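**Q** I am attaching a structure below and will ask some questions about it afterwards.
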Amino acid sequence: MEEKREKQFRRIICCLLPLCLFLVWVNILPVSAQTQLSASAQIQSAAPWGTETVKETRAYYDGAYWRVPAGWYHYQPTKDVWKDLLVSNSEDYFTDYYVAVWKKADGGYELAGQIGDVAHQVQGSTSVSICWNKDVDYYIQIVSDSKETFRLDVSWTLEITRPEVPSDVTVSGADGKTEVSVSGKEELKWIQYTVPEDGRYKIRFADAKNMARVDIYKLRDGRLTDLGGLVLDFNRNYQDFKKGDILYVRCTSWQDATSYELSIKKTEEHYYEENKEHAGTVRSNTKASTVANAQAQAVIEYLNAVYKNTDRGLYVGHMDQTDKNVLKKLAQKITEGCTTETQKADAIVRWVGRNIKYDTSASSYSPQVFYTRTGDCYGDTMLIADLARLCGLRAAVAEGWKADLTRWTIEELSDITGHAWNYIYADGQWRMYDGLWGNYNMTDPSAVAAKGYYSSGVEGIYLIGKGVDSSFASISLDAWAQVYQNGEWLLLQYGMPINAYKRAYWTDDDGEFIREDETGVGWSSIWAEDRFYLVFAEGYQEDING
């Protein structure tokens, strides 16, 4: 009897031992499991975090990942995309935890994904694929008894293995359209498409459930080459193909059954820059006369700020000492006998007008203008400014156009040869001089504008008048411009301060948005008051983790 009991005990131990070993193995080794919840458990009307504090994920970004303790965290994606939420222990690989991701939805909160659960926590590195929707609020819950931090990352779901060339395929028609239906992630549908001509092609699908996954491959040397993994930009991908390329498109689902139309069609990408488009429209629809007065006023404001009480107005630094001595003696001779600053300014301008022959092919370097007695409008004004400075008068060269400003728009003026004229500070006033057109000693900016002068800048620095759209702040619609407005230095890109720069983007033939430029941090330097000033332009680049 005793022997019989011992045999029964041994049989029980033999049965329980494998079960015990299995349980130990499950609890020691890391588990990566995603629980499948019933439909009734997917929606919760009340906030799932209850009274707990929800923190922002960006506050825990270390430059590569989020490093967070257990708790609740808010995250808002910047685009529609399927991506993995990767979770790993930062310190102890065997720490137990589970993660739930809730999505703000109509009527409450929807469980978007889950790693483990309360009864079956996981260890080590785990992940779950989630359909992230742009500008939707997501709440990530990490539950653990440990006080350590966890590393979170949102990144692309990648495929490791290369598939074989399938034998069961649906050949797409000439229009590149195919109806696709799959019952779930276990079912695969392969579509074959032969490229009819060289060009850029758009592979697109529209799946209302956001469940479809589409992978693109090209047949090369009898093998399939991955052309981008899952389709980018949520449901579209753009690729350059050659005539005769054979594509294999694999269609499946992330989870549930879904149906959609797959489309492959040739298209073009079109580049737009919102600032450039805006600036071009404004400049093409505005007569120069409407802003000429404000621009002329801006010249005086700028000269008072930068040239009037500084050495900038007297600075002659673009010639050697020999040439400087020659021109200084000339200035003294021209102004000999003058008793006022205005008389000196008049004498210098009239001497240049009488002695320098106008020649658009001549040098603009003032000593060369003097030696050859020829110069264009800019060469004349450079010589006038240097002669005025060398006899103690502050002077500057203004740039722009001389035209019938009621006739031309700003954009039309940019196609016309520009003009240059002088401002000389004499007897307490800035006086405008243009020897070429016979305009002397003009002290009223409004009168200057009325004479047909449109002022775009002074000696390389563009100006913006008060109330004037910054799109006018250059002779041509340059990508970058250094600008002075209302006492501030600005760096513009297509007429917009760079820290307020509107996006540049691409669309396709269907008008669908493809992608946008990332703005960065730029800088430039401006020479003023005999020194360089850095002009910083703050940009902003958004990262999925930051």
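Chain labels run A, B, ... following the order of the structure tokens; each chain numbers its residues from 1, and ligands are numbered from 1 in the order shown.
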What parts of segment 47-243 of chain A does DSSP call strand (DSSP E)? I'd like the answer as a VMD selection string.

**A** chain A and resid 54 to 56 66 to 68 71 to 75 81 to 89 98 to 105 108 to 115 126 to 132 138 to 143 150 to 155 170 to 171 177 to 182 189 to 194 199 to 205 212 to 220 223 to 230 236 to 241

**Q** Create the file for the chosen residues now, containing C-alpha atoms and written as a JSON list (two decimals), in the first residue's frame.

**A**
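Result went into again11.json, see below:
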[["chain", "number", "residue", "atom", "x", "y", "z"],
["A", 54, "VAL", "CA", -0.54, 63.38, -17.37],
["A", 55, "LYS", "CA", 2.91, 64.65, -18.40],
["A", 56, "GLU", "CA", 4.15, 65.77, -21.83],
["A", 66, "TRP", "CA", 11.94, 59.59, -24.29],
["A", 67, "ARG", "CA", 13.21, 58.34, -20.93],
["A", 68, "VAL", "CA", 10.28, 58.20, -18.53],
["A", 71, "GLY", "CA", 2.99, 57.00, -15.29],
["A", 72, "TRP", "CA", 0.81, 58.71, -17.91],
["A", 73, "TYR", "CA", 2.20, 60.69, -20.89],
["A", 74, "HIS", "CA", 0.59, 62.79, -23.61],
["A", 75, "TYR", "CA", 1.75, 62.61, -27.25],
["A", 81, "VAL", "CA", 1.38, 57.03, -40.15],
["A", 82, "TRP", "CA", 1.71, 53.47, -38.87],
["A", 83, "LYS", "CA", 4.71, 53.28, -36.54],
["A", 84, "ASP", "CA", 5.97, 51.04, -33.77],
["A", 85, "LEU", "CA", 5.98, 52.21, -30.18],
["A", 86, "LEU", "CA", 9.21, 50.65, -28.87],
["A", 87, "VAL", "CA", 9.60, 50.17, -25.11],
["A", 88, "SER", "CA", 12.61, 48.88, -23.20],
["A", 89, "ASN", "CA", 13.92, 48.86, -19.66],
["A", 98, "TYR", "CA", 2.96, 46.78, -19.28],
["A", 99, "VAL", "CA", 2.03, 49.64, -21.62],
["A", 100, "ALA", "CA", -1.32, 50.88, -22.91],
["A", 101, "VAL", "CA", -1.85, 53.56, -25.57],
["A", 102, "TRP", "CA", -5.20, 55.36, -25.53],
["A", 103, "LYS", "CA", -6.45, 57.54, -28.38],
["A", 104, "LYS", "CA", -8.87, 60.46, -27.94],
["A", 105, "ALA", "CA", -11.95, 59.57, -29.99],
["A", 108, "GLY", "CA", -14.42, 58.90, -25.21],
["A", 109, "TYR", "CA", -11.08, 57.13, -25.43],
["A", 110, "GLU", "CA", -10.11, 54.20, -27.64],
["A", 111, "LEU", "CA", -7.40, 51.68, -26.83],
["A", 112, "ALA", "CA", -5.03, 52.04, -29.80],
["A", 113, "GLY", "CA", -2.47, 49.46, -28.70],
["A", 114, "GLN", "CA", -1.22, 47.49, -25.72],
["A", 115, "ILE", "CA", 1.90, 45.62, -24.63],
["A", 126, "THR", "CA", 8.90, 45.11, -26.69],
["A", 127, "SER", "CA", 6.88, 46.96, -29.32],
["A", 128, "VAL", "CA", 3.39, 47.41, -30.71],
["A", 129, "SER", "CA", 2.32, 48.79, -34.12],
["A", 130, "ILE", "CA", -0.07, 51.71, -33.83],
["A", 131, "CYS", "CA", -1.91, 53.82, -36.37],
["A", 132, "TRP", "CA", -0.95, 57.34, -35.29],
["A", 138, "TYR", "CA", -2.67, 59.97, -27.46],
["A", 139, "TYR", "CA", -2.11, 58.97, -23.85],
["A", 140, "ILE", "CA", 0.60, 56.43, -23.07],
["A", 141, "GLN", "CA", 0.39, 54.55, -19.77],
["A", 142, "ILE", "CA", 3.36, 52.68, -18.32],
["A", 143, "VAL", "CA", 2.61, 50.47, -15.29],
["A", 150, "PHE", "CA", 11.83, 53.23, -19.44],
["A", 151, "ARG", "CA", 12.98, 54.14, -22.93],
["A", 152, "LEU", "CA", 10.22, 54.97, -25.43],
["A", 153, "ASP", "CA", 10.64, 55.52, -29.15],
["A", 154, "VAL", "CA", 8.26, 55.91, -32.07],
["A", 155, "SER", "CA", 9.86, 54.61, -35.26],
["A", 170, "THR", "CA", -2.92, 39.63, -59.89],
["A", 171, "VAL", "CA", -1.70, 41.49, -62.97],
["A", 177, "LYS", "CA", -5.85, 50.29, -60.78],
["A", 178, "THR", "CA", -6.64, 47.10, -58.85],
["A", 179, "GLU", "CA", -9.34, 46.32, -56.27],
["A", 180, "VAL", "CA", -7.82, 44.72, -53.17],
["A", 181, "SER", "CA", -9.49, 42.90, -50.28],
["A", 182, "VAL", "CA", -7.73, 41.07, -47.44],
["A", 189, "LYS", "CA", -2.33, 39.74, -52.01],
["A", 190, "TRP", "CA", 0.36, 40.35, -54.66],
["A", 191, "ILE", "CA", -0.18, 42.82, -57.53],
["A", 192, "GLN", "CA", 2.16, 42.86, -60.53],
["A", 193, "TYR", "CA", 2.59, 46.01, -62.62],
["A", 194, "THR", "CA", 4.82, 46.63, -65.65],
["A", 199, "GLY", "CA", 8.95, 58.79, -65.23],
["A", 200, "ARG", "CA", 7.89, 59.36, -61.66],
["A", 201, "TYR", "CA", 5.04, 57.20, -60.43],
["A", 202, "LYS", "CA", 2.65, 57.52, -57.51],
["A", 203, "ILE", "CA", 1.59, 54.33, -55.73],
["A", 204, "ARG", "CA", -1.52, 55.12, -53.76],
["A", 205, "PHE", "CA", -4.20, 53.39, -51.76],
["A", 212, "ALA", "CA", -3.91, 48.46, -45.01],
["A", 213, "ARG", "CA", -0.21, 47.83, -45.36],
["A", 214, "VAL", "CA", 1.35, 48.07, -48.81],
["A", 215, "ASP", "CA", 4.96, 47.17, -49.60],
["A", 216, "ILE", "CA", 6.63, 47.89, -52.94],
["A", 217, "TYR", "CA", 9.24, 45.68, -54.60],
["A", 218, "LYS", "CA", 10.97, 45.71, -57.96],
["A", 219, "LEU", "CA", 12.05, 42.56, -59.78],
["A", 220, "ARG", "CA", 15.82, 42.69, -60.30],
["A", 223, "ARG", "CA", 14.87, 38.69, -56.91],
["A", 224, "LEU", "CA", 12.63, 41.25, -55.24],
["A", 225, "THR", "CA", 14.24, 44.51, -54.13],
["A", 226, "ASP", "CA", 12.52, 46.53, -51.43],
["A", 227, "LEU", "CA", 11.61, 50.04, -52.63],
["A", 228, "GLY", "CA", 10.62, 51.64, -49.38],
["A", 229, "GLY", "CA", 8.94, 49.22, -47.04],
["A", 230, "LEU", "CA", 5.50, 50.33, -46.08],
["A", 236, "ARG", "CA", 1.22, 57.26, -50.93],
["A", 237, "ASN", "CA", 4.70, 56.68, -52.25],
["A", 238, "TYR", "CA", 6.58, 58.28, -55.13],
["A", 239, "GLN", "CA", 9.21, 56.41, -57.12],
["A", 240, "ASP", "CA", 11.18, 56.94, -60.34],
["A", 241, "PHE", "CA", 10.86, 53.99, -62.74]]

**Q** Env of segment 376-382 of chain A: 8 Å cut, atoms = only C-alpha atoms, seq-sep filter 6 positions within chain, self excluded. Answer as a VMD selection string.

**A** chain A and resid 352 356 358 to 366 369 397 419 to 422 436

**Q** Just want the 10 Å neighbourhood of Tyr484 of chain A, counted on only C-alpha atoms, with same-chain residues fewer than 5 positions away dropped. Output as a list of chain:residue names.

**A**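 With the cut-off at 10 Å, the set is A:Ala298, A:Val299, A:Glu301, A:Tyr302, A:Gly457, A:Val458, A:Ile461, A:Tyr462, A:Leu463, A:Ile464, A:Gly465, A:Ala473, A:Trp489, A:Leu490, A:Leu491.
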
**Q** For those residues, write all heavy atoms to a file as a compact mmCIF listing (two decimals), in the first residue's frame.

**A**
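To be explicit, this is the file written out as part-v1.txt:
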# COMPACT_ATOMS: atom_id res chain seq x y z
N ALA A 298 11.91 105.79 -45.57
CA ALA A 298 12.74 104.78 -44.91
C ALA A 298 14.22 105.06 -45.13
O ALA A 298 15.04 104.75 -44.25
CB ALA A 298 12.38 103.39 -45.45
N VAL A 299 14.59 105.61 -46.27
CA VAL A 299 16.00 105.95 -46.53
C VAL A 299 16.49 106.97 -45.50
O VAL A 299 17.57 106.82 -44.92
CB VAL A 299 16.17 106.51 -47.95
CG1 VAL A 299 17.59 107.06 -48.14
CG2 VAL A 299 15.90 105.42 -48.99
N GLU A 301 15.25 107.59 -42.52
CA GLU A 301 15.29 106.95 -41.20
C GLU A 301 16.55 106.11 -41.04
O GLU A 301 17.20 106.12 -39.98
CB GLU A 301 14.04 106.09 -41.02
CG GLU A 301 12.75 106.88 -40.94
CD GLU A 301 11.51 106.00 -41.05
OE1 GLU A 301 11.69 104.77 -41.02
OE2 GLU A 301 10.39 106.53 -41.18
N TYR A 302 16.88 105.37 -42.08
CA TYR A 302 18.07 104.53 -42.03
C TYR A 302 19.35 105.37 -41.96
O TYR A 302 20.24 105.07 -41.17
CB TYR A 302 18.10 103.63 -43.26
CG TYR A 302 19.34 102.78 -43.39
CD1 TYR A 302 19.55 101.69 -42.54
CD2 TYR A 302 20.31 103.08 -44.34
CE1 TYR A 302 20.69 100.92 -42.65
CE2 TYR A 302 21.46 102.30 -44.46
CZ TYR A 302 21.64 101.23 -43.61
OH TYR A 302 22.77 100.47 -43.72
N GLY A 457 17.09 100.49 -51.34
CA GLY A 457 18.07 100.28 -50.28
C GLY A 457 19.18 101.30 -50.33
O GLY A 457 19.21 102.20 -51.17
N VAL A 458 20.11 101.14 -49.40
CA VAL A 458 21.27 102.01 -49.31
C VAL A 458 22.51 101.14 -49.19
O VAL A 458 22.65 100.36 -48.23
CB VAL A 458 21.18 102.97 -48.09
CG1 VAL A 458 22.48 103.74 -47.92
CG2 VAL A 458 20.00 103.92 -48.25
N ILE A 461 22.10 97.39 -48.37
CA ILE A 461 21.13 97.02 -47.34
C ILE A 461 19.74 97.41 -47.83
O ILE A 461 19.46 98.57 -48.09
CB ILE A 461 21.43 97.74 -46.01
CG1 ILE A 461 22.84 97.42 -45.53
CG2 ILE A 461 20.40 97.36 -44.96
CD1 ILE A 461 23.09 95.95 -45.28
N TYR A 462 18.85 96.41 -47.98
CA TYR A 462 17.50 96.67 -48.42
C TYR A 462 16.71 97.32 -47.28
O TYR A 462 16.95 97.06 -46.10
CB TYR A 462 16.80 95.38 -48.84
CG TYR A 462 17.43 94.73 -50.05
CD1 TYR A 462 17.77 93.38 -50.04
CD2 TYR A 462 17.67 95.46 -51.21
CE1 TYR A 462 18.33 92.77 -51.15
CE2 TYR A 462 18.24 94.86 -52.32
CZ TYR A 462 18.57 93.52 -52.29
OH TYR A 462 19.14 92.93 -53.39
N LEU A 463 15.73 98.15 -47.67
CA LEU A 463 14.92 98.88 -46.69
C LEU A 463 13.45 98.57 -46.90
O LEU A 463 13.00 98.33 -48.02
CB LEU A 463 15.14 100.39 -46.83
CG LEU A 463 16.59 100.88 -46.73
CD1 LEU A 463 16.64 102.38 -46.97
CD2 LEU A 463 17.16 100.54 -45.37
N ILE A 464 12.71 98.59 -45.79
CA ILE A 464 11.25 98.45 -45.85
C ILE A 464 10.65 99.65 -45.15
O ILE A 464 10.93 99.90 -43.98
CB ILE A 464 10.76 97.17 -45.16
CG1 ILE A 464 11.53 95.95 -45.64
CG2 ILE A 464 9.27 96.98 -45.41
CD1 ILE A 464 11.17 94.68 -44.92
N GLY A 465 9.80 100.39 -45.85
CA GLY A 465 9.13 101.53 -45.25
C GLY A 465 8.01 101.10 -44.33
O GLY A 465 7.54 99.97 -44.38
N ALA A 473 11.10 94.26 -50.31
CA ALA A 473 12.37 94.63 -49.69
C ALA A 473 13.59 94.16 -50.46
O ALA A 473 14.58 93.77 -49.88
CB ALA A 473 12.42 94.08 -48.27
N TRP A 489 17.22 95.02 -37.67
CA TRP A 489 17.81 94.25 -38.76
C TRP A 489 17.01 92.96 -38.92
O TRP A 489 16.71 92.27 -37.94
CB TRP A 489 19.27 93.90 -38.46
CG TRP A 489 20.17 95.07 -38.28
CD1 TRP A 489 20.67 95.55 -37.11
CD2 TRP A 489 20.66 95.93 -39.31
NE1 TRP A 489 21.46 96.64 -37.33
CE2 TRP A 489 21.47 96.91 -38.69
CE3 TRP A 489 20.49 95.98 -40.69
CZ2 TRP A 489 22.12 97.90 -39.39
CZ3 TRP A 489 21.16 96.98 -41.40
CH2 TRP A 489 21.95 97.92 -40.76
N LEU A 490 16.66 92.63 -40.14
CA LEU A 490 15.91 91.42 -40.41
C LEU A 490 16.61 90.62 -41.50
O LEU A 490 17.29 91.16 -42.36
CB LEU A 490 14.49 91.76 -40.91
CG LEU A 490 13.62 92.61 -40.00
CD1 LEU A 490 12.31 92.94 -40.70
CD2 LEU A 490 13.35 91.90 -38.69
N LEU A 491 16.43 89.32 -41.43
CA LEU A 491 16.87 88.45 -42.51
C LEU A 491 15.61 87.83 -43.10
O LEU A 491 14.87 87.13 -42.42
CB LEU A 491 17.81 87.36 -41.99
CG LEU A 491 18.45 86.48 -43.07
CD1 LEU A 491 19.34 87.32 -43.98
CD2 LEU A 491 19.27 85.38 -42.42

**Q** What's around Asp92 of chain A at 12 Å? Count only C-alpha atoms, leave out sequence neighbours fewer than 5 positions away in its own chain, and write the answer as a list in words.

**A**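 After dropping sequence-adjacent residues, the list is Pro30, Tyr97, Gln123, Gly124, Ser125, Ser146, Lys147, Glu148, Thr149, Phe150 and Arg151 of chain A.
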
**Q** Which residue, A:Asp346, A:Asp415, A:Asp386, A:Asp404, has the smallest gap to Ala331 of chain A when you use only C-alpha atoms?

**A**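 Of the candidates, the smallest distance to Ala331 of chain A is held by A:Asp386.
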
**Q** Check the DSSP output for the backbone and give back, as a short mmCIF file (atom, residue, chain, number, x, y, z; two decimals) with N, CA, C and O atoms, in the first residue's frame, the residues of segment 262-326 of chain A in helix (DSSP H, G or I).

**A**
data_model
loop_
_atom_site.label_atom_id
_atom_site.label_comp_id
_atom_site.auth_asym_id
_atom_site.auth_seq_id
_atom_site.Cartn_x
_atom_site.Cartn_y
_atom_site.Cartn_z
N GLU A 274 5.38 79.19 -50.28
CA GLU A 274 4.25 80.07 -49.95
C GLU A 274 4.67 81.53 -49.92
O GLU A 274 3.97 82.40 -50.42
N ASN A 275 5.83 81.81 -49.32
CA ASN A 275 6.28 83.20 -49.28
C ASN A 275 6.55 83.73 -50.68
O ASN A 275 6.22 84.86 -51.03
N LYS A 276 7.18 82.87 -51.50
CA LYS A 276 7.52 83.31 -52.86
C LYS A 276 6.25 83.54 -53.67
O LYS A 276 6.15 84.51 -54.43
N GLU A 277 5.28 82.64 -53.50
CA GLU A 277 4.03 82.80 -54.22
C GLU A 277 3.33 84.09 -53.77
O GLU A 277 2.84 84.86 -54.60
N HIS A 278 3.31 84.32 -52.46
CA HIS A 278 2.68 85.54 -51.93
C HIS A 278 3.43 86.78 -52.42
O HIS A 278 2.81 87.72 -52.91
N ALA A 279 4.75 86.76 -52.29
CA ALA A 279 5.55 87.92 -52.67
C ALA A 279 5.40 88.21 -54.16
O ALA A 279 5.27 89.37 -54.58
N GLY A 280 5.43 87.16 -54.98
CA GLY A 280 5.27 87.35 -56.42
C GLY A 280 3.93 87.97 -56.76
O GLY A 280 3.84 88.85 -57.63
N THR A 281 2.88 87.54 -56.08
CA THR A 281 1.55 88.09 -56.32
C THR A 281 1.48 89.56 -55.93
O THR A 281 0.95 90.39 -56.68
N VAL A 282 2.00 89.88 -54.75
CA VAL A 282 1.97 91.27 -54.28
C VAL A 282 2.77 92.17 -55.20
O VAL A 282 2.31 93.25 -55.61
N ARG A 283 3.97 91.75 -55.55
CA ARG A 283 4.84 92.57 -56.38
C ARG A 283 4.29 92.74 -57.80
O ARG A 283 4.55 93.75 -58.46
N SER A 284 3.54 91.75 -58.27
CA SER A 284 3.00 91.82 -59.63
C SER A 284 1.70 92.60 -59.71
O SER A 284 1.22 92.88 -60.81
N ALA A 288 4.43 100.77 -58.27
CA ALA A 288 5.53 101.27 -57.45
C ALA A 288 5.19 102.59 -56.79
O ALA A 288 5.68 102.90 -55.70
N SER A 289 4.34 103.38 -57.44
CA SER A 289 4.01 104.70 -56.90
C SER A 289 3.29 104.62 -55.55
O SER A 289 3.35 105.57 -54.76
N THR A 290 2.64 103.49 -55.26
CA THR A 290 1.87 103.40 -54.02
C THR A 290 2.75 103.26 -52.79
O THR A 290 2.29 103.52 -51.67
N ALA A 292 6.30 104.23 -52.99
CA ALA A 292 7.55 104.98 -53.21
C ALA A 292 7.81 105.99 -52.11
O ALA A 292 8.96 106.17 -51.68
N ASN A 293 6.76 106.66 -51.62
CA ASN A 293 6.95 107.67 -50.58
C ASN A 293 7.42 107.03 -49.28
O ASN A 293 8.35 107.54 -48.63
N ALA A 294 6.81 105.92 -48.90
CA ALA A 294 7.24 105.23 -47.67
C ALA A 294 8.67 104.75 -47.79
O ALA A 294 9.44 104.78 -46.82
N GLN A 295 9.06 104.29 -48.98
CA GLN A 295 10.43 103.83 -49.17
C GLN A 295 11.41 105.00 -49.09
O GLN A 295 12.51 104.86 -48.53
N ALA A 296 11.05 106.15 -49.64
CA ALA A 296 11.91 107.33 -49.56
C ALA A 296 12.07 107.79 -48.11
O ALA A 296 13.16 108.21 -47.69
N GLN A 297 10.99 107.72 -47.33
CA GLN A 297 11.06 108.07 -45.91
C GLN A 297 11.98 107.09 -45.17
O GLN A 297 12.73 107.47 -44.27
N ALA A 298 11.91 105.79 -45.57
CA ALA A 298 12.74 104.78 -44.91
C ALA A 298 14.22 105.06 -45.13
O ALA A 298 15.04 104.75 -44.25
N VAL A 299 14.59 105.61 -46.27
CA VAL A 299 16.00 105.95 -46.53
C VAL A 299 16.49 106.97 -45.50
O VAL A 299 17.57 106.82 -44.92
N ILE A 300 15.71 108.01 -45.26
CA ILE A 300 16.11 109.04 -44.29
C ILE A 300 16.21 108.44 -42.89
O ILE A 300 17.15 108.73 -42.13
N GLU A 301 15.25 107.59 -42.52
CA GLU A 301 15.29 106.95 -41.20
C GLU A 301 16.55 106.11 -41.04
O GLU A 301 17.20 106.12 -39.98
N TYR A 302 16.88 105.37 -42.08
CA TYR A 302 18.07 104.53 -42.03
C TYR A 302 19.35 105.37 -41.96
O TYR A 302 20.24 105.07 -41.17
N LEU A 303 19.42 106.42 -42.76
CA LEU A 303 20.61 107.28 -42.74
C LEU A 303 20.78 107.95 -41.39
O LEU A 303 21.91 108.08 -40.89
N ASN A 304 19.69 108.37 -40.79
CA ASN A 304 19.78 108.98 -39.46
C ASN A 304 20.26 107.98 -38.42
O ASN A 304 20.99 108.33 -37.48
N ALA A 305 19.86 106.72 -38.57
CA ALA A 305 20.23 105.70 -37.59
C ALA A 305 21.65 105.20 -37.76
O ALA A 305 22.34 104.93 -36.78
N VAL A 306 22.12 105.07 -39.00
CA VAL A 306 23.39 104.38 -39.25
C VAL A 306 24.50 105.31 -39.74
O VAL A 306 25.67 105.09 -39.44
N ASP A 311 30.75 106.89 -37.74
CA ASP A 311 31.81 107.00 -38.74
C ASP A 311 31.44 106.35 -40.07
O ASP A 311 32.17 106.50 -41.05
N ARG A 312 30.30 105.63 -40.08
CA ARG A 312 29.91 104.96 -41.33
C ARG A 312 29.71 105.98 -42.45
O ARG A 312 30.05 105.72 -43.60
N GLY A 313 29.16 107.13 -42.12
CA GLY A 313 28.93 108.14 -43.14
C GLY A 313 30.19 108.76 -43.70
O GLY A 313 30.16 109.40 -44.76
N LEU A 314 31.31 108.61 -42.98
CA LEU A 314 32.59 109.19 -43.42
C LEU A 314 33.58 108.13 -43.89
O LEU A 314 34.70 108.46 -44.29
N GLN A 321 45.74 104.03 -49.94
CA GLN A 321 46.02 105.37 -49.43
C GLN A 321 46.40 106.33 -50.55
O GLN A 321 46.07 107.52 -50.50
N THR A 322 47.08 105.83 -51.58
CA THR A 322 47.49 106.70 -52.70
C THR A 322 46.28 107.29 -53.40
O THR A 322 46.19 108.50 -53.64
N ASP A 323 45.32 106.41 -53.75
CA ASP A 323 44.10 106.89 -54.40
C ASP A 323 43.31 107.81 -53.47
O ASP A 323 42.71 108.80 -53.91
N LYS A 324 43.32 107.46 -52.19
CA LYS A 324 42.59 108.29 -51.23
C LYS A 324 43.18 109.70 -51.18
O LYS A 324 42.44 110.70 -51.13
N ASN A 325 44.51 109.80 -51.22
CA ASN A 325 45.16 111.11 -51.19
C ASN A 325 44.83 111.92 -52.44
O ASN A 325 44.61 113.14 -52.38
N VAL A 326 44.79 111.24 -53.61
CA VAL A 326 44.48 111.92 -54.87
C VAL A 326 43.07 112.51 -54.81
O VAL A 326 42.85 113.68 -55.15
#

**Q** Nearest to Trp430 of chain A among A:Asn210, A:Ser263, A:Thr342, A:Thr507, with distances taken over only C-alpha atoms: which residue is it?

**A**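 Ranking A:Asn210, A:Ser263, A:Thr342, A:Thr507 by distance to Trp430 of chain A, first place goes to A:Thr342.
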
**Q** Quick check, in Å to one decimal: how far apart do atom CA of Asn486 of chain A and atom CA of Glu399 of chain A lie?

**A**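 Pair atom CA of Asn486 of chain A / atom CA of Glu399 of chain A returns 18.7 Å.
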
**Q** If we count only C-alpha atoms, what is near segment 332-338 of chain A at a cut-off of 8 Å, once residues fewer than 4 positions away on the same chain are taken out, given as a CSV table (one decimal) with all heavy atoms, in the first residue's frame?

**A**
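Listing of result-v6.csv after writing:
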chain,number,residue,atom,x,y,z
A,328,LYS,N,41.2,113.1,-52.2
A,328,LYS,CA,41.1,114.1,-51.1
A,328,LYS,C,41.6,115.5,-51.6
A,328,LYS,O,40.9,116.5,-51.3
A,328,LYS,CB,41.9,113.7,-49.9
A,328,LYS,CG,41.7,114.6,-48.7
A,328,LYS,CD,42.3,114.1,-47.4
A,328,LYS,CE,42.0,115.0,-46.2
A,328,LYS,NZ,42.6,114.4,-45.0
A,343,GLN,N,27.0,124.2,-50.0
A,343,GLN,CA,27.7,124.7,-51.2
A,343,GLN,C,28.8,123.7,-51.6
A,343,GLN,O,29.0,123.4,-52.8
A,343,GLN,CB,28.4,126.0,-50.9
A,343,GLN,CG,27.4,127.2,-50.7
A,343,GLN,CD,28.1,128.5,-50.3
A,343,GLN,OE1,29.3,128.5,-50.1
A,343,GLN,NE2,27.4,129.6,-50.3
A,344,LYS,N,29.4,123.0,-50.6
A,344,LYS,CA,30.4,122.0,-50.9
A,344,LYS,C,29.8,120.8,-51.6
A,344,LYS,O,30.3,120.3,-52.6
A,344,LYS,CB,31.1,121.5,-49.6
A,344,LYS,CG,32.0,122.5,-48.9
A,344,LYS,CD,32.6,121.9,-47.7
A,344,LYS,CE,33.6,122.9,-47.0
A,344,LYS,NZ,34.2,122.4,-45.8
A,347,ALA,N,28.9,121.7,-55.1
A,347,ALA,CA,30.0,121.9,-56.0
A,347,ALA,C,30.6,120.5,-56.4
A,347,ALA,O,31.0,120.3,-57.6
A,347,ALA,CB,31.1,122.6,-55.3
A,348,ILE,N,30.6,119.5,-55.5
A,348,ILE,CA,31.1,118.2,-55.8
A,348,ILE,C,30.2,117.5,-56.9
A,348,ILE,O,30.7,116.9,-57.9
A,348,ILE,CB,31.2,117.3,-54.5
A,348,ILE,CG1,32.3,117.8,-53.6
A,348,ILE,CG2,31.4,115.8,-54.9
A,348,ILE,CD1,32.3,117.2,-52.3
A,351,TRP,N,30.6,119.2,-60.3
A,351,TRP,CA,31.9,118.9,-60.9
A,351,TRP,C,31.8,117.5,-61.6
A,351,TRP,O,32.3,117.3,-62.7
A,351,TRP,CB,33.0,118.9,-59.9
A,351,TRP,CG,34.4,118.7,-60.5
A,351,TRP,CD1,35.2,119.7,-60.9
A,351,TRP,CD2,35.0,117.5,-60.8
A,351,TRP,NE1,36.4,119.2,-61.5
A,351,TRP,CE2,36.3,117.8,-61.4
A,351,TRP,CE3,34.7,116.2,-60.6
A,351,TRP,CZ2,37.2,116.8,-61.8
A,351,TRP,CZ3,35.6,115.2,-61.1
A,351,TRP,CH2,36.8,115.5,-61.6
A,391,CYS,N,36.1,115.3,-47.8
A,391,CYS,CA,36.1,116.7,-47.3
A,391,CYS,C,35.2,116.9,-46.1
A,391,CYS,O,34.9,118.0,-45.8
A,391,CYS,CB,35.7,117.6,-48.4
A,391,CYS,SG,34.0,117.6,-48.9

**Q** Of the candidates A:Val468, A:Ala388, A:Met442, A:Cys251, which one gets nearest to Glu186 of chain A if we count only C-alpha atoms?

**A** A:Cys251

**Q** For Ala345 of chain A, which of A:Gly400, A:Pro367, A:Gly392, A:Gly116 is the closest residue, counting only C-alpha atoms?

**A**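 Selected residue with least distance to Ala345 of chain A: A:Gly392.
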
**Q** Take atom CA of Tyr425 of chain A and atom CA of Val448 of chain A and report the distance between them in Å, one decimal.

**A**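 For atom CA of Tyr425 of chain A relative to atom CA of Val448 of chain A, the distance reads 15.7 Å.
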